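All remarks here apply to the structure that follows.
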Amino acid sequence: MRQHCCAVPTLLTTNLYHDKMALVFIQDSDIEVAVAVREAAAADGHAAEILSDLDALERRAGDQEVFALVLTGDPRAPEARRQIANLASRIPRPPIIAVVHPDLSPEPGSRNDDPDLDAVLMSPVDPAEVQVALTEELERFELQLETGIIGRTDAIREMLERVHTIASVNSTVLITGESGTGKELVARAIHRLSPRRTRPFIAVNCSAIPESLLESELFGHEKGAFTGATSRRKGMFELADGGTLLLDEIGEMALPLQTRFLRVLESHRFMRVGGEVEIEVNVRVIAATNKQLRDSVRVGSFRKDLYYRINVLHVDLPPLRHRRQDIPILIRLFIDELSQTHDREFKGLTAEAMQILLDYEWPGNVRELRNLIESMVVLAPGSMIRAEDIPLDVRETSGRTLLPVSLGDPSVLVVADDSEGLPAIPQMDFLFRTLVEMKIDLEDLRSQFDRFKTRYSAEDTPVWDAVAGEPTPEDSMFAGVAAIEVSGGRKDELDAQPSIQLEPEMTMAEIERQAIAIALASVAGNRRKAAERLGIGERTLYRKIKKYEIGE
């Protein structure tokens with residue numbers, strides 16, 4: 001007997017970008033380039049305006065949230081620098097693109113140098129490249145507005161693109177990252193960008209609910225199922241039907257419950273505790289953890305089959321210490337938000353205070369940063385946060401380096417602090433994790449080669465014993481190899497498909513050129529589809545087409 005809950009809504013993911021017209025402001029330093037950019041932007045559906053005075057930008061933009069600035073002169077000029085600094089007060093910052101003569105261009109691909117630009121195009125400008133650059137940067141900007149995931153480092157840009165890509169499908173997602181990196185924020189972003197956005201999003205912290213109650217919380221219970229069950233109660237799976245269920249700290253789930261959870265993931269059916277009716281739901285599950293689940297699988301505290309089942313799509317969040325360039329942006333965001341919440345007027349931080357926060361390691365990541373800013377906003381006596389307003393433990397540990405050292409006892413690994421007078425800190429956990437990961441990787445490699453040997457031994461074909469590290473007699477399998485064809489599909493289809501010809505001494509650039517040409521040919525020259533197949537941005541593909549002179 002089966003009971004059906006409401007079905008998932010049949011909605012298509014709304015395109016957040018191309019159905020909206022954005023304002024594009026263009027500097028008139030090079031009027032010929034400015035006109036070309038205006039025509040390209042207008043052809044793509046944007047309202048483009050050439051500005052003779054960049055200082056009028058804020059007045060012209062008004063309350064418009066989505067706009068872009070295109071610089072056509074030297075981005076290092078005082079007027080351009082001033083506008084770049086002014087726009088930094090908007091979080092997230094609107095896209096800034098520069099079209100410059102090659103002699104004036106900042107270091108290609110650098111987003112860290114001053115001036116801080118989102119994209120740099122070379123003059124004479126190609127209208128198609130302008131359109132691609134505007135589309136990519138406006139998409140990324142609106143993604144930050146929509147999701148609340150703020151940052152300008154490459155790690156955050158790549159993570160945003162991944163979130164946008166996986167949001168439209170229904171596959172299970174595993175989000176990993178240290179505590180405080182924003183795993184729930186990312187899960188909510190995936191839900192908000194998905195076709196399920198109008199349905200419930202429910203978050204459950206598996207470590208915050210006692211093991212004896214977690215099963216009832218997830219699956220519900222019938223009246224009288226256990227002592228205290230005075231009425232029927234729906235579980236989180238039923239309440240999230242048609243929407244998204246986040247299971248935070250999935251690594252804390254007990255093994256017996258993991259078994260039942262795995263069955264629900266595979267069949268989308270379950271029974272309430274004490275129930276006899278099978279219930280079917282349509283729920284997208286997102287799991288999150290700050291643990292190394294592969295280690296848990298290895299030691300037997302997490303089911304291997306469940307690990308593979310939840311790890312269909314993976315998003316790994318970088319710790320704050322790996323994205324230090326985003327710290328000033330987050331500080332400005334938190335000061336603005338918290339000063340309004342607590343009705344305190346704050347202008348910002350002194351340079352010395354900012355440097356201390358930039359040098360700190362942030363073991364608690366973004367959560368720790370936000371809590372620290374809140375405490376300083378509430379407790380700091382003035383309108384400017386000074387170095388002395390920062391807690392002593394942060395000031396004392398800021399800028400210190402922790403390095404592994406030997407103390408003579410091979411069974412003890414310690415981390416020595418470079419500050420004088422501080423004791424060494426035992427770090428056996430670090431060593432244990434490293435050794436476990438090496439062992440797992442070695443076992444995975446061994447099993448792959450075992451399957452390889454079994455497959456070719458049946459055909460009496462000599463193979464290289466990579467696990468043992470010794471070649472077979474005569475090493476005949478690899479003798480005289482002149483070329484290798486790399487292609488997909490069944491064997492009887494290979495002749496009909498284009499393939500990469502790998503020749504001896506080929507460079508990576510030559511291989512990349514072949515791959516791009518094949519991808520373009522497979523989609524009849526459609527660059528957007530080719531970029532999706534190659535897993536790169538359309539603007540990156542455009543540059544590589546020009547670099548390798550493909551189709552010219």
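Here's how to read the names in the structure tokens: chain A, B, ... by the order shown, residue numbers from 1 in each chain, ligand numbers from 1 in the order shown.
For region 38-50 of chain A, the residues within 9 Å (counting only C-alpha atoms, excluding itself and residues fewer than 2 positions away along the chain) are His18, Lys20, Met21, Ala22, Leu23, Val24, Phe25, Ile26, Gln27, Asp28, Ile31, Val33, Ala34, Val35, Ala36, Ser52, Asp126, Pro127, Ala128, Val130, Gln131, Leu134 and Thr135 of chain A.
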Hey, can you spit out that residue selection with N, CA and C atoms as a PDB file, in the first residue's frame?
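Generated output (selection.pdb):
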```pdb
ATOM      1  N   HIS A  18      19.174  36.883 -18.322  1.00  0.00           N
ATOM      2  CA  HIS A  18      18.883  37.329 -19.679  1.00  0.00           C
ATOM      3  C   HIS A  18      17.481  37.877 -19.835  1.00  0.00           C
ATOM      4  N   LYS A  20      16.389  40.149 -17.863  1.00  0.00           N
ATOM      5  CA  LYS A  20      16.455  41.464 -17.270  1.00  0.00           C
ATOM      6  C   LYS A  20      17.382  42.348 -18.096  1.00  0.00           C
ATOM      7  N   MET A  21      17.022  43.613 -18.221  1.00  0.00           N
ATOM      8  CA  MET A  21      17.880  44.566 -18.905  1.00  0.00           C
ATOM      9  C   MET A  21      18.733  45.264 -17.863  1.00  0.00           C
ATOM     10  N   ALA A  22      20.031  45.282 -18.080  1.00  0.00           N
ATOM     11  CA  ALA A  22      20.939  45.939 -17.145  1.00  0.00           C
ATOM     12  C   ALA A  22      21.409  47.260 -17.743  1.00  0.00           C
ATOM     13  N   LEU A  23      21.773  48.182 -16.879  1.00  0.00           N
ATOM     14  CA  LEU A  23      22.381  49.438 -17.312  1.00  0.00           C
ATOM     15  C   LEU A  23      23.881  49.218 -17.493  1.00  0.00           C
ATOM     16  N   VAL A  24      24.420  49.723 -18.591  1.00  0.00           N
ATOM     17  CA  VAL A  24      25.856  49.636 -18.843  1.00  0.00           C
ATOM     18  C   VAL A  24      26.364  51.053 -19.051  1.00  0.00           C
ATOM     19  N   PHE A  25      27.204  51.513 -18.141  1.00  0.00           N
ATOM     20  CA  PHE A  25      27.793  52.850 -18.242  1.00  0.00           C
ATOM     21  C   PHE A  25      29.183  52.734 -18.855  1.00  0.00           C
ATOM     22  N   ILE A  26      29.467  53.597 -19.827  1.00  0.00           N
ATOM     23  CA  ILE A  26      30.708  53.480 -20.595  1.00  0.00           C
ATOM     24  C   ILE A  26      31.467  54.798 -20.520  1.00  0.00           C
ATOM     25  N   GLN A  27      32.718  54.721 -20.119  1.00  0.00           N
ATOM     26  CA  GLN A  27      33.565  55.908 -20.076  1.00  0.00           C
ATOM     27  C   GLN A  27      33.910  56.347 -21.497  1.00  0.00           C
ATOM     28  N   ASP A  28      33.963  57.676 -21.741  1.00  0.00           N
ATOM     29  CA  ASP A  28      34.179  58.165 -23.113  1.00  0.00           C
ATOM     30  C   ASP A  28      35.622  58.534 -23.402  1.00  0.00           C
ATOM     31  N   ILE A  31      36.453  57.492 -27.554  1.00  0.00           N
ATOM     32  CA  ILE A  31      35.076  57.566 -28.039  1.00  0.00           C
ATOM     33  C   ILE A  31      34.775  56.480 -29.062  1.00  0.00           C
ATOM     34  N   VAL A  33      36.017  53.395 -29.175  1.00  0.00           N
ATOM     35  CA  VAL A  33      35.788  52.162 -28.418  1.00  0.00           C
ATOM     36  C   VAL A  33      34.462  52.246 -27.662  1.00  0.00           C
ATOM     37  N   ALA A  34      34.174  53.415 -27.086  1.00  0.00           N
ATOM     38  CA  ALA A  34      32.942  53.582 -26.318  1.00  0.00           C
ATOM     39  C   ALA A  34      31.709  53.337 -27.179  1.00  0.00           C
ATOM     40  N   VAL A  35      31.717  53.849 -28.402  1.00  0.00           N
ATOM     41  CA  VAL A  35      30.579  53.651 -29.307  1.00  0.00           C
ATOM     42  C   VAL A  35      30.434  52.176 -29.661  1.00  0.00           C
ATOM     43  N   ALA A  36      31.566  51.498 -29.922  1.00  0.00           N
ATOM     44  CA  ALA A  36      31.513  50.068 -30.258  1.00  0.00           C
ATOM     45  C   ALA A  36      30.958  49.258 -29.088  1.00  0.00           C
ATOM     46  N   SER A  52      30.512  61.234 -20.064  1.00  0.00           N
ATOM     47  CA  SER A  52      31.662  62.125 -20.252  1.00  0.00           C
ATOM     48  C   SER A  52      32.326  62.436 -18.920  1.00  0.00           C
ATOM     49  N   ASP A 126      36.329  43.481 -29.877  1.00  0.00           N
ATOM     50  CA  ASP A 126      35.455  42.616 -30.656  1.00  0.00           C
ATOM     51  C   ASP A 126      34.070  42.653 -30.010  1.00  0.00           C
ATOM     52  N   PRO A 127      33.019  43.060 -30.718  1.00  0.00           N
ATOM     53  CA  PRO A 127      31.677  43.156 -30.117  1.00  0.00           C
ATOM     54  C   PRO A 127      31.219  41.861 -29.450  1.00  0.00           C
ATOM     55  N   ALA A 128      31.523  40.715 -30.074  1.00  0.00           N
ATOM     56  CA  ALA A 128      31.099  39.437 -29.484  1.00  0.00           C
ATOM     57  C   ALA A 128      31.779  39.205 -28.141  1.00  0.00           C
ATOM     58  N   VAL A 130      32.803  41.562 -26.083  1.00  0.00           N
ATOM     59  CA  VAL A 130      32.174  42.484 -25.135  1.00  0.00           C
ATOM     60  C   VAL A 130      30.890  41.874 -24.582  1.00  0.00           C
ATOM     61  N   GLN A 131      30.081  41.287 -25.464  1.00  0.00           N
ATOM     62  CA  GLN A 131      28.813  40.696 -25.031  1.00  0.00           C
ATOM     63  C   GLN A 131      29.043  39.529 -24.082  1.00  0.00           C
ATOM     64  N   LEU A 134      30.248  40.952 -20.655  1.00  0.00           N
ATOM     65  CA  LEU A 134      29.146  41.550 -19.915  1.00  0.00           C
ATOM     66  C   LEU A 134      28.207  40.485 -19.353  1.00  0.00           C
ATOM     67  N   THR A 135      27.892  39.481 -20.174  1.00  0.00           N
ATOM     68  CA  THR A 135      26.986  38.419 -19.724  1.00  0.00           C
ATOM     69  C   THR A 135      27.565  37.674 -18.535  1.00  0.00           C
TER      70      THR A 135
END
```
- So which residues touch Thr172 (chain A) within 6 Å, counting only C-alpha atoms, skipping near sequence neighbours fewer than 3 positions away, as a VMD selection string? chain A and resid 285 to 286 310 312
Restrict the selected residues to N, CA and C atoms and save them as a compact mmCIF listing (two decimals), in the first residue's frame.
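Contents of the output file result07.txt:
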```txt
# COMPACT_ATOMS: atom_id res chain seq x y z
N VAL A 285 17.87 15.90 -1.60
CA VAL A 285 18.66 15.86 -0.37
C VAL A 285 20.01 16.52 -0.61
N ILE A 286 20.36 17.43 0.27
CA ILE A 286 21.70 18.02 0.31
C ILE A 286 22.32 17.64 1.65
N ILE A 310 25.51 9.85 -1.63
CA ILE A 310 25.31 11.28 -1.38
C ILE A 310 26.34 12.14 -2.10
N VAL A 312 27.13 12.50 -5.18
CA VAL A 312 26.89 12.56 -6.63
C VAL A 312 27.43 13.87 -7.17
```
- Between A:Met159, A:Val283, A:Ile149, A:Ile356, which one has atoms that come closest to Ile390 (chain A), using only C-alpha atoms? A:Ile356
- Item | Shell around region 197-209 of chain A at 9 Å using only C-alpha atoms, local window under 6 positions removed, as a VMD selection string | chain A and resid 8 to 9 13 184 188 190 to 191 217 to 218 236 to 237 239 to 253
Write out as a short mmCIF file (atom, residue, chain, number, x, y, z; two decimals) with N, CA and C atoms, in the first residue's frame all residues of region 158-278 of chain A that backbone DSSP assigns to helix (DSSP H, G or I).
```
data_model
loop_
_atom_site.label_atom_id
_atom_site.label_comp_id
_atom_site.auth_asym_id
_atom_site.auth_seq_id
_atom_site.Cartn_x
_atom_site.Cartn_y
_atom_site.Cartn_z
N GLU A 158 34.47 30.46 -8.72
CA GLU A 158 34.29 29.10 -9.23
C GLU A 158 33.19 28.37 -8.48
N MET A 159 33.12 28.59 -7.15
CA MET A 159 32.08 27.93 -6.37
C MET A 159 30.69 28.42 -6.77
N LEU A 160 30.55 29.73 -7.03
CA LEU A 160 29.27 30.28 -7.47
C LEU A 160 28.83 29.66 -8.79
N GLU A 161 29.77 29.54 -9.72
CA GLU A 161 29.44 28.94 -11.01
C GLU A 161 28.99 27.49 -10.84
N ARG A 162 29.65 26.78 -9.92
CA ARG A 162 29.28 25.38 -9.69
C ARG A 162 27.88 25.30 -9.06
N VAL A 163 27.59 26.17 -8.11
CA VAL A 163 26.27 26.19 -7.49
C VAL A 163 25.19 26.46 -8.54
N HIS A 164 25.45 27.42 -9.42
CA HIS A 164 24.49 27.75 -10.47
C HIS A 164 24.26 26.56 -11.39
N THR A 165 25.35 25.82 -11.71
CA THR A 165 25.25 24.69 -12.63
C THR A 165 24.43 23.55 -12.04
N ILE A 166 24.66 23.23 -10.76
CA ILE A 166 24.02 22.05 -10.18
C ILE A 166 22.63 22.34 -9.63
N ALA A 167 22.26 23.63 -9.54
CA ALA A 167 20.97 23.97 -8.93
C ALA A 167 19.79 23.44 -9.72
N LYS A 183 28.18 26.43 4.87
CA LYS A 183 27.59 25.30 4.15
C LYS A 183 26.07 25.44 4.01
N GLU A 184 25.41 25.91 5.08
CA GLU A 184 23.96 26.08 4.97
C GLU A 184 23.60 27.20 4.00
N LEU A 185 24.40 28.25 3.96
CA LEU A 185 24.16 29.34 3.01
C LEU A 185 24.23 28.83 1.59
N VAL A 186 25.20 27.96 1.30
CA VAL A 186 25.33 27.39 -0.04
C VAL A 186 24.15 26.47 -0.35
N ALA A 187 23.72 25.68 0.63
CA ALA A 187 22.57 24.80 0.43
C ALA A 187 21.32 25.61 0.11
N ARG A 188 21.12 26.71 0.84
CA ARG A 188 19.97 27.57 0.56
C ARG A 188 20.07 28.21 -0.82
N ALA A 189 21.30 28.53 -1.24
CA ALA A 189 21.50 29.10 -2.57
C ALA A 189 21.12 28.10 -3.65
N ILE A 190 21.50 26.85 -3.47
CA ILE A 190 21.14 25.81 -4.44
C ILE A 190 19.62 25.69 -4.53
N HIS A 191 18.96 25.69 -3.38
CA HIS A 191 17.49 25.61 -3.37
C HIS A 191 16.87 26.84 -4.03
N ARG A 192 17.39 28.02 -3.73
CA ARG A 192 16.80 29.26 -4.24
C ARG A 192 16.94 29.37 -5.76
N GLU A 211 20.38 10.64 19.14
CA GLU A 211 20.25 9.50 18.23
C GLU A 211 18.89 8.84 18.34
N SER A 212 18.34 8.75 19.56
CA SER A 212 17.07 8.07 19.76
C SER A 212 15.89 8.84 19.15
N LEU A 213 16.07 10.13 18.91
CA LEU A 213 14.98 10.95 18.37
C LEU A 213 15.14 11.28 16.89
N LEU A 214 16.35 11.10 16.35
CA LEU A 214 16.60 11.54 14.98
C LEU A 214 15.74 10.80 13.97
N GLU A 215 15.54 9.49 14.17
CA GLU A 215 14.72 8.73 13.24
C GLU A 215 13.30 9.28 13.19
N SER A 216 12.73 9.58 14.36
CA SER A 216 11.38 10.14 14.41
C SER A 216 11.34 11.53 13.78
N GLU A 217 12.40 12.32 13.97
CA GLU A 217 12.46 13.66 13.38
C GLU A 217 12.47 13.58 11.86
N LEU A 218 13.20 12.63 11.32
CA LEU A 218 13.32 12.53 9.87
C LEU A 218 12.09 11.90 9.22
N PHE A 219 11.57 10.84 9.81
CA PHE A 219 10.52 10.06 9.15
C PHE A 219 9.14 10.20 9.80
N MET A 236 10.59 15.22 8.77
CA MET A 236 11.17 16.24 7.90
C MET A 236 11.07 15.88 6.42
N PHE A 237 11.14 14.59 6.10
CA PHE A 237 11.02 14.19 4.70
C PHE A 237 9.64 14.55 4.16
N GLU A 238 8.59 14.32 4.93
CA GLU A 238 7.24 14.68 4.48
C GLU A 238 7.08 16.18 4.39
N LEU A 239 7.59 16.89 5.38
CA LEU A 239 7.43 18.34 5.39
C LEU A 239 8.19 19.00 4.24
N ILE A 250 26.13 15.29 8.48
CA ILE A 250 25.69 13.94 8.10
C ILE A 250 26.63 12.88 8.67
N GLY A 251 27.89 13.24 8.91
CA GLY A 251 28.86 12.28 9.44
C GLY A 251 28.56 11.84 10.85
N GLU A 252 27.64 12.54 11.54
CA GLU A 252 27.29 12.18 12.92
C GLU A 252 26.13 11.20 12.98
N LEU A 255 25.04 4.45 12.46
CA LEU A 255 25.05 3.44 11.38
C LEU A 255 23.68 2.83 11.11
N PRO A 256 22.89 2.42 12.13
CA PRO A 256 21.58 1.85 11.82
C PRO A 256 20.68 2.81 11.04
N LEU A 257 20.73 4.08 11.40
CA LEU A 257 19.92 5.07 10.69
C LEU A 257 20.46 5.33 9.29
N GLN A 258 21.78 5.21 9.11
CA GLN A 258 22.36 5.36 7.77
C GLN A 258 21.77 4.34 6.81
N THR A 259 21.55 3.12 7.30
CA THR A 259 20.99 2.07 6.46
C THR A 259 19.59 2.44 5.98
N ARG A 260 18.77 2.94 6.87
CA ARG A 260 17.42 3.32 6.49
C ARG A 260 17.43 4.54 5.57
N PHE A 261 18.31 5.48 5.87
CA PHE A 261 18.41 6.68 5.06
C PHE A 261 18.83 6.34 3.62
N LEU A 262 19.74 5.38 3.48
CA LEU A 262 20.17 4.95 2.15
C LEU A 262 19.00 4.41 1.34
N ARG A 263 18.15 3.62 1.98
CA ARG A 263 16.99 3.07 1.28
C ARG A 263 16.05 4.18 0.82
N VAL A 264 15.87 5.20 1.65
CA VAL A 264 14.99 6.30 1.27
C VAL A 264 15.57 7.07 0.08
N LEU A 265 16.88 7.26 0.08
CA LEU A 265 17.51 7.95 -1.05
C LEU A 265 17.30 7.19 -2.35
N GLU A 266 17.33 5.87 -2.27
CA GLU A 266 17.23 5.06 -3.48
C GLU A 266 15.79 4.87 -3.94
N SER A 267 14.84 4.75 -3.01
CA SER A 267 13.45 4.45 -3.39
C SER A 267 12.50 5.62 -3.23
#
```
- Residues near Leu534 (chain A), cut-off 9 Å, only C-alpha atoms, skip fewer than 4 positions along chain, as a VMD selection string: chain A and resid 515 to 516 519 529 to 530 541
- Task: Just list the residues in region 169-413 of chain A DSSP gives strand (DSSP E) on the backbone, as an NGL selection string.
- Result: :A and (173-176 or 201-205 or 244-248 or 269-271 or 278-280 or 284-289 or 313-316 or 348-349 or 384-385 or 402-405)
- Task: Figure out the distance between CA of Leu333 (chain A) and CA of Pro92 (chain A), please, to one decimal in Å.
- Result: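 One can read the CA of Pro92 (chain A) to CA of Leu333 (chain A) distance as 8.9 Å.
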- Write out as an MDAnalysis selection string the residues lying within 12 Å of His101 (chain A), counting only C-alpha atoms and excluding same-chain residues fewer than 3 positions away. chainID A and resid 29:30 33 71:75 98 104:106 120:125
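Note that the spacing between CA of Ala353 (chain A) and CA of Leu317 (chain A) amounts to 26.4 Å.
Comparing the minimum interatomic distances between Arg93 (chain A) and each of A:Arg298, A:Arg140, A:Arg528, A:Arg344, counting only C-alpha atoms, we find that A:Arg140 sits nearest.
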- Find the residues around Gly382 (chain A) up to 10 Å (only C-alpha atoms counted), leave out those fewer than 3 positions away in its own chain, and share them as a PyMOL selection string. chain A and resi 344-347+377+379+385-386+389
- Expressed in Å to a single decimal, how great is the separation between CA of Ala524 (chain A) and CA of Glu538 (chain A)? 15.5 Å
